[in-house]
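> Take a look at entry.txt, compact mmCIF, C-alpha atoms and all ligand atoms:
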# COMPACT_ATOMS: atom_id res chain seq x y z
CA MET D 224 -65.54 -41.61 2.40
CA ASP D 225 -66.60 -43.59 5.41
CA PHE D 226 -64.32 -44.76 8.22
CA GLU D 227 -63.56 -48.26 6.86
CA THR D 228 -62.55 -46.81 3.49
CA ARG D 229 -60.37 -44.08 4.98
CA ALA D 230 -58.60 -46.65 7.18
CA ILE D 231 -57.51 -48.42 3.98
CA HIS D 232 -56.95 -45.57 1.53
CA VAL D 233 -55.94 -42.31 3.23
CA GLY D 234 -52.17 -41.82 2.98
CA GLN D 235 -51.93 -44.99 0.89
CA GLU D 236 -52.02 -43.89 -2.71
CA PRO D 237 -50.07 -46.37 -4.87
CA ASP D 238 -46.42 -45.27 -4.93
CA PRO D 239 -45.99 -42.82 -7.86
CA ALA D 240 -42.49 -44.11 -8.69
CA THR D 241 -43.25 -47.85 -8.91
CA GLY D 242 -46.99 -48.43 -8.48
CA ALA D 243 -46.39 -50.30 -5.20
CA VAL D 244 -49.83 -50.70 -3.63
CA THR D 245 -48.44 -50.62 -0.09
CA THR D 246 -46.52 -47.54 1.05
CA PRO D 247 -42.79 -48.37 0.84
CA ILE D 248 -40.62 -48.32 3.96
CA TYR D 249 -38.38 -45.33 3.22
CA GLN D 250 -35.44 -46.55 5.28
CA THR D 251 -33.36 -43.40 5.01
CA SER D 252 -32.15 -40.82 7.48
CA THR D 253 -31.55 -38.04 4.97
CA TYR D 254 -32.52 -36.83 1.46
CA ALA D 255 -30.49 -35.53 -1.49
CA GLN D 256 -30.90 -31.84 -2.35
CA GLU D 257 -30.91 -30.86 -6.03
CA ALA D 258 -29.27 -27.56 -5.13
CA VAL D 259 -28.63 -25.98 -1.75
CA GLY D 260 -31.97 -25.92 0.09
CA VAL D 261 -33.91 -27.36 -2.89
CA HIS D 262 -35.61 -30.67 -2.05
CA LYS D 263 -38.85 -32.58 -2.45
CA GLY D 264 -40.29 -31.64 0.95
CA TYR D 265 -38.03 -33.94 2.94
CA ASP D 266 -34.62 -32.94 4.30
CA TYR D 267 -33.97 -35.06 7.41
CA ALA D 268 -35.89 -38.06 8.76
CA ARG D 269 -36.42 -36.78 12.31
CA VAL D 270 -38.38 -33.91 10.78
CA ALA D 271 -40.27 -36.01 8.21
CA ASN D 272 -40.24 -39.35 6.42
CA PRO D 273 -42.70 -40.40 3.67
CA THR D 274 -43.68 -43.63 5.47
CA ARG D 275 -44.46 -41.55 8.56
CA THR D 276 -46.31 -38.92 6.51
CA ALA D 277 -48.59 -41.65 5.14
CA LEU D 278 -49.41 -42.84 8.66
CA GLU D 279 -49.89 -39.29 9.96
CA GLU D 280 -52.38 -38.44 7.20
CA CYS D 281 -54.35 -41.57 8.01
CA LEU D 282 -54.31 -40.91 11.78
CA ALA D 283 -55.67 -37.39 11.23
CA SER D 284 -58.35 -38.63 8.88
CA LEU D 285 -59.62 -41.26 11.35
CA GLU D 286 -60.26 -38.57 13.98
CA ASN D 287 -61.80 -36.25 11.34
CA ALA D 288 -58.88 -33.97 12.08
CA VAL D 289 -56.47 -31.96 10.00
CA PHE D 290 -53.15 -32.72 11.61
CA GLY D 291 -51.74 -35.93 12.98
CA HIS D 292 -48.28 -36.62 14.33
CA ALA D 293 -46.74 -40.01 15.03
CA PHE D 294 -44.38 -40.74 17.94
CA SER D 295 -42.13 -43.52 19.16
CA SER D 296 -44.59 -44.45 21.93
CA GLY D 297 -47.70 -43.17 23.66
CA LEU D 298 -45.55 -41.71 26.39
CA GLY D 299 -43.31 -40.10 23.74
CA ALA D 300 -46.44 -38.31 22.52
CA ALA D 301 -47.30 -37.32 26.11
CA THR D 302 -43.79 -35.95 26.71
CA THR D 303 -44.21 -33.84 23.59
CA ILE D 304 -47.44 -32.37 24.96
CA MET D 305 -45.62 -31.50 28.16
CA HIS D 306 -43.21 -29.33 26.09
CA LEU D 307 -46.23 -27.02 25.70
CA VAL D 308 -46.64 -26.51 29.46
CA ASN D 309 -44.38 -24.39 31.64
CA PRO D 310 -43.21 -24.85 35.22
CA GLY D 311 -45.56 -23.03 37.58
CA GLU D 312 -48.58 -23.94 35.45
CA ARG D 313 -51.24 -26.37 36.59
CA LEU D 314 -52.71 -29.50 35.02
CA VAL D 315 -55.95 -30.99 36.19
CA CYS D 316 -56.07 -34.68 35.53
CA VAL D 317 -58.67 -37.41 35.93
CA ASN D 318 -57.53 -39.42 38.95
CA ASP D 319 -58.03 -42.83 37.32
CA VAL D 320 -55.37 -42.05 34.70
CA TYR D 321 -53.03 -44.56 33.00
CA GLY D 322 -50.34 -45.50 35.55
CA GLY D 323 -47.48 -44.47 33.25
CA MET D 324 -48.94 -40.98 32.93
CA TYR D 325 -49.24 -40.68 36.69
CA ARG D 326 -45.60 -41.73 37.08
CA MET D 327 -44.49 -39.21 34.45
CA PHE D 328 -46.44 -36.39 36.10
CA SER D 329 -45.40 -37.23 39.67
CA GLU D 330 -41.78 -38.33 39.15
CA VAL D 331 -40.63 -36.11 36.26
CA TYR D 332 -42.76 -32.97 36.13
CA GLU D 333 -43.87 -32.34 39.72
CA PRO D 334 -40.26 -32.07 40.98
CA LYS D 335 -39.64 -29.43 38.28
CA GLY D 336 -42.40 -27.18 39.64
CA TYR D 337 -45.42 -28.21 37.61
CA PHE D 338 -48.66 -28.54 39.58
CA PHE D 339 -51.11 -31.43 39.26
CA ASP D 340 -54.54 -31.95 40.72
CA TYR D 341 -56.34 -35.25 40.41
CA VAL D 342 -60.11 -35.21 40.17
CA THR D 343 -62.57 -38.14 40.10
CA PRO D 344 -64.22 -38.99 36.76
CA ASP D 345 -67.68 -38.02 38.02
CA GLU D 346 -66.35 -34.70 39.31
CA VAL D 347 -64.72 -34.01 35.88
CA SER D 348 -68.04 -34.74 34.18
CA THR D 349 -70.26 -32.64 36.46
CA ASN D 350 -68.20 -30.08 38.37
CA LEU D 351 -64.87 -29.49 36.60
CA ALA D 352 -65.14 -25.69 36.74
CA ALA D 353 -64.73 -25.77 40.54
CA HIS D 354 -61.25 -27.28 40.09
CA LEU D 355 -59.88 -24.81 37.53
CA ASP D 356 -58.13 -21.49 38.08
CA GLU D 357 -56.17 -18.97 36.02
CA ARG D 358 -52.96 -21.00 36.35
CA THR D 359 -54.62 -24.13 34.87
CA ARG D 360 -53.12 -24.64 31.43
CA MET D 361 -54.45 -28.07 30.62
CA VAL D 362 -57.09 -30.62 31.56
CA TRP D 363 -56.01 -34.20 30.92
CA ILE D 364 -58.56 -36.97 30.69
CA GLU D 365 -59.02 -40.52 29.48
CA SER D 366 -62.37 -42.04 28.68
CA PRO D 367 -62.91 -44.89 29.27
CA THR D 368 -60.22 -44.86 31.97
CA ASN D 369 -57.58 -47.43 32.73
CA PRO D 370 -58.17 -49.76 34.57
CA LEU D 371 -61.60 -49.00 36.05
CA LEU D 372 -63.39 -48.22 32.78
CA ASN D 373 -64.83 -45.01 34.17
CA VAL D 374 -66.43 -42.77 31.60
CA VAL D 375 -65.91 -39.00 31.55
CA ASP D 376 -68.33 -36.64 29.79
CA ILE D 377 -65.96 -35.19 27.17
CA ARG D 378 -68.33 -32.47 25.95
CA ALA D 379 -68.87 -31.16 29.50
CA ALA D 380 -65.13 -31.31 30.26
CA ALA D 381 -64.33 -29.36 27.06
CA ALA D 382 -66.85 -26.64 27.89
CA ALA D 383 -65.54 -26.21 31.44
CA ALA D 384 -61.88 -26.25 30.35
CA HIS D 385 -62.45 -23.65 27.62
CA ALA D 386 -64.44 -21.37 29.92
CA ALA D 387 -61.39 -21.29 32.21
CA GLY D 388 -58.94 -20.73 29.31
CA ALA D 389 -57.46 -24.24 29.54
CA LEU D 390 -56.90 -26.84 26.82
CA LEU D 391 -58.51 -30.27 26.89
CA VAL D 392 -56.35 -33.28 26.01
CA VAL D 393 -58.07 -36.65 25.68
CA ASP D 394 -56.21 -39.95 25.73
CA ASN D 395 -58.42 -41.91 23.31
CA THR D 396 -56.42 -45.16 23.44
CA PHE D 397 -59.15 -47.39 24.93
CA ALA D 398 -61.98 -46.18 22.70
CA THR D 399 -60.08 -45.77 19.39
CA PRO D 400 -61.25 -43.21 16.80
CA TYR D 401 -63.64 -45.83 15.44
CA LEU D 402 -65.80 -45.67 18.58
CA GLN D 403 -65.17 -42.14 19.86
CA ARG D 404 -63.90 -38.88 18.32
CA PRO D 405 -63.13 -36.39 21.11
CA LEU D 406 -62.29 -33.51 18.74
CA GLU D 407 -65.92 -33.55 17.58
CA LEU D 408 -66.95 -33.26 21.24
CA GLY D 409 -64.76 -30.17 21.78
CA ALA D 410 -61.33 -31.54 22.78
CA ASP D 411 -58.26 -29.64 21.57
CA LEU D 412 -55.86 -32.54 21.22
CA VAL D 413 -56.24 -36.31 21.10
CA MET D 414 -53.49 -38.62 22.21
CA HIS D 415 -53.12 -42.31 21.41
CA SER D 416 -50.87 -45.12 22.39
CA THR D 417 -50.93 -46.68 18.89
CA THR D 418 -49.19 -49.63 20.54
CA LYS D 419 -52.69 -50.77 21.43
CA TYR D 420 -55.70 -50.95 19.06
CA LEU D 421 -54.34 -48.89 16.16
CA GLY D 422 -51.27 -51.11 15.69
CA GLY D 423 -53.52 -53.88 16.89
CA HIS D 424 -51.18 -56.90 16.79
CA SER D 425 -48.94 -56.53 19.88
CA ASP D 426 -45.88 -56.13 17.67
CA VAL D 427 -45.07 -52.40 17.61
CA LEU D 428 -44.80 -49.41 19.97
CA GLY D 429 -46.11 -46.02 18.92
CA GLY D 430 -47.99 -42.89 19.86
CA ALA D 431 -50.01 -40.19 18.15
CA LEU D 432 -51.22 -36.64 18.66
CA VAL D 433 -54.11 -35.48 16.54
CA GLY D 434 -55.58 -31.99 16.41
CA ARG D 435 -58.50 -30.27 14.76
CA ASP D 436 -57.11 -27.74 12.34
CA GLU D 437 -54.09 -25.72 11.29
CA THR D 438 -55.49 -22.51 12.74
CA HIS D 439 -55.53 -23.98 16.26
CA PRO D 440 -52.71 -22.42 18.32
CA LEU D 441 -51.39 -25.89 19.14
CA PHE D 442 -50.78 -26.88 15.53
CA ALA D 443 -47.40 -25.24 14.94
CA LYS D 444 -46.27 -25.93 18.49
CA VAL D 445 -46.94 -29.65 18.34
CA ARG D 446 -45.24 -29.96 14.97
CA ALA D 447 -42.16 -28.10 16.20
CA ALA D 448 -42.07 -30.07 19.45
CA GLN D 449 -42.19 -33.34 17.49
CA ALA D 450 -39.24 -32.43 15.26
CA ILE D 451 -37.21 -30.81 18.04
CA GLY D 452 -38.11 -33.31 20.77
CA GLY D 453 -37.18 -36.20 18.51
CA ALA D 454 -39.47 -38.93 19.93
CA VAL D 455 -40.30 -40.12 16.40
CA PRO D 456 -41.03 -43.67 15.22
CA SER D 457 -38.85 -45.48 12.70
CA PRO D 458 -40.18 -45.98 9.15
CA PHE D 459 -40.74 -49.69 9.84
CA GLU D 460 -42.76 -48.95 12.99
CA CYS D 461 -44.86 -46.47 10.98
CA TRP D 462 -45.42 -49.09 8.31
CA LEU D 463 -46.51 -51.73 10.84
CA THR D 464 -48.88 -49.31 12.57
CA HIS D 465 -50.38 -48.23 9.27
CA ARG D 466 -50.79 -51.88 8.28
CA GLY D 467 -52.68 -52.52 11.52
CA ILE D 468 -55.00 -49.55 10.97
CA ARG D 469 -56.38 -51.04 7.75
CA THR D 470 -58.40 -53.56 9.77
CA LEU D 471 -59.08 -51.36 12.84
CA PRO D 472 -62.86 -50.97 12.40
CA TRP D 473 -63.40 -54.69 11.77
CA ARG D 474 -61.23 -55.78 14.66
CA VAL D 475 -62.81 -53.36 17.11
CA ARG D 476 -66.32 -54.31 16.03
CA ALA D 477 -65.71 -58.04 16.53
CA GLN D 478 -63.74 -57.52 19.74
CA THR D 479 -66.58 -55.39 21.13
CA ASP D 480 -69.07 -58.18 20.38
CA ASN D 481 -66.80 -60.61 22.23
CA ALA D 482 -66.40 -58.21 25.16
CA LYS D 483 -70.18 -57.80 25.55
CA ARG D 484 -70.49 -61.57 25.74
CA VAL D 485 -67.67 -61.81 28.33
CA ALA D 486 -69.13 -58.94 30.41
CA GLU D 487 -72.55 -60.60 30.53
CA PHE D 488 -71.01 -63.95 31.47
CA LEU D 489 -68.97 -62.37 34.28
CA GLU D 490 -71.85 -60.26 35.59
CA ALA D 491 -73.94 -63.41 36.07
CA HIS D 492 -71.15 -65.36 37.79
CA ARG D 493 -71.45 -65.82 41.57
CA LYS D 494 -67.67 -65.55 42.13
CA VAL D 495 -67.54 -62.14 40.47
CA GLU D 496 -68.20 -59.19 42.76
CA ALA D 497 -68.36 -56.43 40.12
CA VAL D 498 -67.86 -55.94 36.39
CA HIS D 499 -66.71 -52.58 35.03
CA TYR D 500 -67.82 -52.26 31.42
CA PRO D 501 -69.51 -49.21 29.84
CA GLY D 502 -71.79 -51.51 27.83
CA LEU D 503 -73.57 -52.83 30.92
CA ARG D 504 -76.66 -51.02 32.21
CA SER D 505 -75.18 -51.31 35.69
CA HIS D 506 -72.27 -49.00 34.65
CA HIS D 507 -72.28 -45.64 36.49
CA ALA D 508 -72.11 -43.64 33.26
CA TYR D 509 -73.90 -45.97 30.84
CA ASP D 510 -75.85 -43.04 29.35
CA VAL D 511 -72.80 -40.84 28.84
CA ALA D 512 -70.96 -43.74 27.18
CA LYS D 513 -73.92 -44.36 24.92
CA ARG D 514 -74.01 -40.69 23.93
CA GLN D 515 -70.32 -40.21 23.13
CA MET D 516 -69.23 -43.68 21.96
CA SER D 517 -70.71 -45.62 19.06
CA ALA D 518 -70.11 -48.88 21.00
CA PRO D 519 -68.62 -49.69 24.43
CA GLY D 520 -65.33 -51.19 23.23
CA ALA D 521 -63.41 -54.32 24.14
CA MET D 522 -61.75 -53.41 27.46
CA LEU D 523 -63.29 -54.44 30.76
CA SER D 524 -62.25 -55.10 34.32
CA PHE D 525 -63.82 -57.19 37.04
CA GLN D 526 -63.44 -57.92 40.73
CA ILE D 527 -63.28 -61.43 42.14
CA ARG D 528 -64.88 -62.33 45.49
CA GLY D 529 -62.23 -63.32 48.03
CA GLY D 530 -59.61 -60.58 47.63
CA ARG D 531 -56.18 -60.50 46.04
CA ASP D 532 -55.34 -64.19 46.26
CA ALA D 533 -58.62 -65.21 44.67
CA ALA D 534 -58.08 -62.80 41.77
CA VAL D 535 -54.47 -63.86 41.23
CA GLY D 536 -55.62 -67.50 41.41
CA VAL D 537 -58.18 -66.99 38.64
CA SER D 538 -55.57 -65.33 36.46
CA ASN D 539 -53.03 -68.10 37.10
CA ARG D 540 -55.52 -70.83 36.10
CA LEU D 541 -56.26 -69.33 32.67
CA LYS D 542 -54.99 -71.43 29.77
CA LEU D 543 -55.96 -69.50 26.64
CA ILE D 544 -56.17 -65.90 27.84
CA ILE D 545 -52.59 -64.69 28.19
CA ARG D 546 -51.27 -63.08 31.40
CA ALA D 547 -49.53 -59.99 30.06
CA THR D 548 -49.66 -56.23 30.31
CA SER D 549 -50.84 -54.10 27.36
CA LEU D 550 -54.04 -54.37 25.32
CA GLY D 551 -55.65 -53.98 21.94
CA GLY D 552 -54.06 -56.94 20.15
CA THR D 553 -55.83 -59.84 18.46
CA GLU D 554 -55.24 -62.14 21.46
CA SER D 555 -57.07 -61.81 24.79
CA LEU D 556 -54.83 -60.51 27.58
CA ILE D 557 -55.45 -60.33 31.31
CA GLU D 558 -53.63 -58.45 34.02
CA HIS D 559 -53.71 -58.07 37.80
CA ARG D 560 -53.36 -54.32 37.58
CA GLN D 561 -52.36 -53.67 41.19
CA SER D 562 -49.27 -55.88 40.77
CA VAL D 563 -48.22 -53.70 37.81
CA GLU D 564 -49.03 -50.25 39.16
CA GLY D 565 -47.81 -50.60 42.73
CA PRO D 566 -49.07 -48.98 45.93
CA ASP D 567 -50.31 -45.67 44.44
CA THR D 568 -52.89 -47.31 42.20
CA LEU D 569 -56.64 -46.92 42.54
CA ALA D 570 -57.04 -50.48 41.23
CA PRO D 571 -58.63 -52.65 43.93
CA GLU D 572 -56.59 -55.69 45.02
CA ASN D 573 -59.13 -58.13 43.58
CA LEU D 574 -59.36 -56.43 40.16
CA LEU D 575 -58.42 -58.09 36.88
CA ARG D 576 -58.31 -56.07 33.66
CA MET D 577 -59.00 -57.79 30.41
CA SER D 578 -58.41 -56.89 26.78
CA VAL D 579 -60.85 -59.09 24.90
CA GLY D 580 -59.38 -60.46 21.70
CA LEU D 581 -60.59 -61.94 18.45
CA GLU D 582 -60.71 -65.59 19.48
CA HIS D 583 -64.05 -67.37 19.22
CA PRO D 584 -66.16 -66.03 22.12
CA ASP D 585 -67.04 -69.56 23.27
CA ASP D 586 -63.35 -70.29 23.81
CA ILE D 587 -62.80 -67.08 25.80
CA VAL D 588 -65.82 -67.71 28.02
CA ASP D 589 -64.91 -71.41 28.50
CA ASP D 590 -61.44 -70.42 29.67
CA LEU D 591 -62.84 -67.92 32.20
CA ASP D 592 -65.41 -70.48 33.30
CA GLN D 593 -62.83 -73.15 34.13
CA ALA D 594 -60.56 -70.60 35.85
CA LEU D 595 -63.43 -69.37 38.06
CA ARG D 596 -64.41 -72.90 39.11
C1 LIG U 601 -50.37 -47.93 26.99
C2 LIG U 601 -51.03 -46.65 27.29
C3 LIG U 601 -50.30 -45.45 27.30
C4 LIG U 601 -48.80 -45.40 27.06
O1 LIG U 601 -48.46 -45.75 25.77
P1 LIG U 601 -47.05 -46.45 25.38
O2 LIG U 601 -47.23 -46.69 23.92
O3 LIG U 601 -46.93 -47.69 26.21
O4 LIG U 601 -45.98 -45.47 25.70
C5 LIG U 601 -50.99 -44.28 27.55
N1 LIG U 601 -52.31 -44.28 27.79
C6 LIG U 601 -53.05 -45.42 27.81
C7 LIG U 601 -54.50 -45.35 28.09
C8 LIG U 601 -52.43 -46.64 27.57
O5 LIG U 601 -53.14 -47.77 27.60
For the file at hand, write its structure as structure tokens.


Amino acid sequence: MDFETRAIHVGQEPDPATGAVTTPIYQTSTYAQEAVGVHKGYDYARVANPTRTALEECLASLENAVFGHAFSSGLGAATTIMHLVNPGERLVCVNDVYGGMYRMFSEVYEPKGYFFDYVTPDEVSTNLAAHLDERTRMVWIESPTNPLLNVVDIRAAAAAAHAAGALLVVDNTFATPYLQRPLELGADLVMHSTTKYLGGHSDVLGGALVGRDETHPLFAKVRAAQAIGGAVPSPFECWLTHRGIRTLPWRVRAQTDNAKRVAEFLEAHRKVEAVHYPGLRSHHAYDVAKRQMSAPGAMLSFQIRGGRDAAVGVSNRLKLIIRATSLGGTESLIEHRQSVEGPDTLAPENLLRMSVGLEHPDDIVDDLDQALR
């Protein structure tokens, strides 16, 4: 079955009890046992819930993976990964990482004796081996990165990580499994904030961890860490996320078309200093993006001539595009990333990040045009 079909059917067999076409919301915390220890595969909802199982099967299938686990948020998934790392061990991380990850690493884990090194995206792609040693347990990357839309060569990163005995984790939130499947490029674990494109409607928080097969040493550990750590989504959140996934490929395809149009408009505009979008030939890793992604996606960022005030002014004049954090919904969102991330960010002061939505592209471009005037 192809991607579009799996997005609709995997995990969503009509309910055997009633024929319900949509997976029911099993709003229960516990399950009756026929006799002591005899049950139908479910004993307590933190460990498993049928609405969650349906979503998890679908998540795995979209990454061509065998196991998928759903979490209460992207950062809940990330915390669960950190249960697999011990104090004294090292993580090497792409420096242009999601701000929330950087805060988690620097404020929670560094003080406990975990070691982090931050490496530029180009250095991860071409020279990762030089940054790894025997204490390095994990390499953590995003591609494309947030908010600069840098692209990391996932295949090269996987080879270097494995040669040093480290695991490669890829945050695939920006690309989505429709455009990029890191497990096929050698990654060990894929993480998602399903809050973004997978949920797709700005109405639910969630996270996911997806891994290649049951023989991988991480399989049992991730499953145990999910049940023991407890950062699980409610049945309703699973249902909403699964509902969003049904239209994922169609949304991402149309949003990517809109983003290409916006990127070209911005690149030609005299008030725009730079556009960061992997679909533009001017992008530093255009060829790598072309090789590992089936299309460049719907996230982009751009820099306005005239510094911070000019960028904030453009954002404040927008009428249709909504000023809000987050991404991946049906509506276009824009954000002055430095205001969100604070002083540690790599985001330049004149940078705006945009999640291009499903509105008519003429309306999106018109709004940017009037705001840039
Ligand atoms: C939003 C986001 C996260 C965090 O996910 P939450 O669902 O907000 O916890 C992690 N990585 C990336 C790239 C994100 O955009």

> With only C-alpha atoms as the counted atoms, please give the residues lying no more than 7 Å from range 335-350 of chain D, apart from itself and same-chain residues fewer than 4 positions off, as a list in words.

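The residues that qualify are Pro310, Gly311, Glu312, Arg313, Leu314, Val315, Cys316, Val317, Asn318, Asn373, Val374, Val375, Asp376, Ala379 and Ala380 of chain D.
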
> Check the smallest atom-to-atom distance from each of D:Asn272, D:Asn309, D:Thr418, D:Thr302 to Gly551 in chain D using all atoms listed in the file, then report the winner.

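Checking each of D:Asn272, D:Asn309, D:Thr418, D:Thr302 against Gly551 in chain D, counting all atoms listed in the file, the winner is D:Thr418.
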
> List as a ChimeraX atom specification the protein and nucleic acid residues near range 392-407 of chain D, meaning an atom at most 8 Å away when all atoms listed in the file are counted, but skip any in the same chain fewer than 3 places from it.

/D:226,285-288,361-369,377,410-417,419-421,434-435,471-472,475,515-520,522

> Go ahead and dump the residues you just picked, C-alpha atoms, as a JSON list (two decimals), keeping the file's coordinate frame.


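Saved as again.json:
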[["chain", "number", "residue", "atom", "x", "y", "z"],
["D", 226, "PHE", "CA", -64.32, -44.76, 8.22],
["D", 285, "LEU", "CA", -59.62, -41.26, 11.35],
["D", 286, "GLU", "CA", -60.26, -38.57, 13.98],
["D", 287, "ASN", "CA", -61.80, -36.25, 11.34],
["D", 288, "ALA", "CA", -58.88, -33.97, 12.08],
["D", 361, "MET", "CA", -54.45, -28.07, 30.62],
["D", 362, "VAL", "CA", -57.09, -30.62, 31.56],
["D", 363, "TRP", "CA", -56.01, -34.20, 30.92],
["D", 364, "ILE", "CA", -58.56, -36.97, 30.69],
["D", 365, "GLU", "CA", -59.02, -40.52, 29.48],
["D", 366, "SER", "CA", -62.37, -42.04, 28.68],
["D", 367, "PRO", "CA", -62.91, -44.89, 29.27],
["D", 368, "THR", "CA", -60.22, -44.86, 31.97],
["D", 369, "ASN", "CA", -57.58, -47.43, 32.73],
["D", 377, "ILE", "CA", -65.96, -35.19, 27.17],
["D", 410, "ALA", "CA", -61.33, -31.54, 22.78],
["D", 411, "ASP", "CA", -58.26, -29.64, 21.57],
["D", 412, "LEU", "CA", -55.86, -32.54, 21.22],
["D", 413, "VAL", "CA", -56.24, -36.31, 21.10],
["D", 414, "MET", "CA", -53.49, -38.62, 22.21],
["D", 415, "HIS", "CA", -53.12, -42.31, 21.41],
["D", 416, "SER", "CA", -50.87, -45.12, 22.39],
["D", 417, "THR", "CA", -50.93, -46.68, 18.89],
["D", 419, "LYS", "CA", -52.69, -50.77, 21.43],
["D", 420, "TYR", "CA", -55.70, -50.95, 19.06],
["D", 421, "LEU", "CA", -54.34, -48.89, 16.16],
["D", 434, "GLY", "CA", -55.58, -31.99, 16.41],
["D", 435, "ARG", "CA", -58.50, -30.27, 14.76],
["D", 471, "LEU", "CA", -59.08, -51.36, 12.84],
["D", 472, "PRO", "CA", -62.86, -50.97, 12.40],
["D", 475, "VAL", "CA", -62.81, -53.36, 17.11],
["D", 515, "GLN", "CA", -70.32, -40.21, 23.13],
["D", 516, "MET", "CA", -69.23, -43.68, 21.96],
["D", 517, "SER", "CA", -70.71, -45.62, 19.06],
["D", 518, "ALA", "CA", -70.11, -48.88, 21.00],
["D", 519, "PRO", "CA", -68.62, -49.69, 24.43],
["D", 520, "GLY", "CA", -65.33, -51.19, 23.23],
["D", 522, "MET", "CA", -61.75, -53.41, 27.46]]

> For Val270 in chain D, work out the shell of residues within 12 Å, counting all atoms listed in the file and skipping chain neighbours fewer than 3 positions away, then give it as a list in words.

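My reading of the contact set: Ser252, Thr253, Tyr254, Gly264, Tyr265, Asp266, Tyr267, Pro273, Arg275, Thr276, His292, Ala293, Phe294, Arg446, Ala447, Ala448, Gln449, Ala450, Ile451, Gly452, Gly453, Ala454, Val455, Pro456 and Ser457 of chain D.
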
> Quote the spacing between atom P1 of ligand LIG 601 (chain U) and CA of Leu574 in chain D in Å to one decimal place.

21.7 Å

> Ranking D:Arg466, D:His232, D:Arg360, D:His424 by minimum distance to Ser555 in chain D and counting all atoms listed in the file, which one comes first?

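Nearest to Ser555 in chain D: D:His424.
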
> May I ask for the distance between CA of Glu558 in chain D and CA of Arg576 in chain D, given in Å to one decimal place?

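We find that CA of Glu558 in chain D and CA of Arg576 in chain D lie 5.3 Å from each other.
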
> Between CA of Asp585 in chain D and CA of Val485 in chain D, what is the spacing in Å?

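Going from CA of Val485 in chain D over to CA of Asp585 in chain D, I get 9.3 Å.
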
> If you count all atoms listed in the file, which residues fall within 12 Å of Thr245 in chain D, apart from same-chain ones fewer than 2 positions away, as a PDB file with C-alpha atoms, in the coordinates of the input?


ATOM      1  CA  ILE D 231     -57.510 -48.420   3.980  1.00  0.00           C
ATOM      2  CA  HIS D 232     -56.950 -45.570   1.530  1.00  0.00           C
ATOM      3  CA  VAL D 233     -55.940 -42.310   3.230  1.00  0.00           C
ATOM      4  CA  GLY D 234     -52.170 -41.820   2.980  1.00  0.00           C
ATOM      5  CA  GLN D 235     -51.930 -44.990   0.890  1.00  0.00           C
ATOM      6  CA  GLU D 236     -52.020 -43.890  -2.710  1.00  0.00           C
ATOM      7  CA  PRO D 237     -50.070 -46.370  -4.870  1.00  0.00           C
ATOM      8  CA  ASP D 238     -46.420 -45.270  -4.930  1.00  0.00           C
ATOM      9  CA  PRO D 239     -45.990 -42.820  -7.860  1.00  0.00           C
ATOM     10  CA  THR D 241     -43.250 -47.850  -8.910  1.00  0.00           C
ATOM     11  CA  GLY D 242     -46.990 -48.430  -8.480  1.00  0.00           C
ATOM     12  CA  ALA D 243     -46.390 -50.300  -5.200  1.00  0.00           C
ATOM     13  CA  PRO D 247     -42.790 -48.370   0.840  1.00  0.00           C
ATOM     14  CA  ILE D 248     -40.620 -48.320   3.960  1.00  0.00           C
ATOM     15  CA  TYR D 249     -38.380 -45.330   3.220  1.00  0.00           C
ATOM     16  CA  THR D 274     -43.680 -43.630   5.470  1.00  0.00           C
ATOM     17  CA  ALA D 277     -48.590 -41.650   5.140  1.00  0.00           C
ATOM     18  CA  LEU D 278     -49.410 -42.840   8.660  1.00  0.00           C
ATOM     19  CA  TRP D 462     -45.420 -49.090   8.310  1.00  0.00           C
ATOM     20  CA  LEU D 463     -46.510 -51.730  10.840  1.00  0.00           C
ATOM     21  CA  HIS D 465     -50.380 -48.230   9.270  1.00  0.00           C
ATOM     22  CA  ARG D 466     -50.790 -51.880   8.280  1.00  0.00           C
ATOM     23  CA  ARG D 469     -56.380 -51.040   7.750  1.00  0.00           C
TER      24      ARG D 469
END

> Per residue of range 303-342 of chain D within 12 Å of range 441-444 of chain D, which atom pair is closest and at what distance in Å (one decimal), using all atoms listed in the file, listed by chain and increasing number, as CSV?


residue,atom,partner,partner_atom,distance
D:Thr303,CA,D:Lys444,CA,9.6
D:Ile304,CA,D:Lys444,CA,9.2
D:Met305,CA,D:Lys444,CA,11.2
D:His306,CA,D:Lys444,CA,8.9
D:Leu307,CA,D:Lys444,CA,7.3
D:Val308,CA,D:Lys444,CA,11.0

> For Ala382 in chain D, which residue out of D:Pro458, D:Glu572, D:Glu487, D:Ala352 is the nearest one, using all atoms listed in the file?

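When distances to Ala382 in chain D are compared using all atoms listed in the file, the smallest one comes from D:Ala352.
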
> Which residues are close to range 528-533 of chain D, i.e. within 10 Å by only C-alpha atoms, leaving aside same-chain residues fewer than 3 positions away? Reply as a PyMOL selection string.

chain D and resi 493-497+525+536-539+559+561-562+571-575+595

> Measuring between all atoms listed in the file, which one of D:Leu298, D:Ala386, D:Ala268, D:Val289 shows the shortest distance to ligand LIG 601 (chain U)?

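Closest candidate: D:Leu298.
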
> Using only C-alpha atoms and all ligand atoms, which of the listed residues (D:Leu391, D:Val244, D:Ala283, D:Met324) sits closest to ligand LIG 601 (chain U)?

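Answer, going by the shortest atom-to-atom distance: D:Met324.
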
> Counting all atoms listed in the file, which residue out of D:Val433, D:Met327, D:Ala534, D:Ala384 sits closest to ligand LIG 601 (chain U)?

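Looking at the shortest contact to ligand LIG 601 (chain U), the residue is D:Met327.
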
> What are the centre and edge lengths in Å, to one decimal, of the axis-aligned box around all listed atoms of range 505-519 of chain D with 8 Å added on each side, as lines of an AutoDock Vina configuration file?


center_x = -72.2
center_y = -45.8
center_z = 27.8
size_x = 23.2
size_y = 27.1
size_z = 33.4
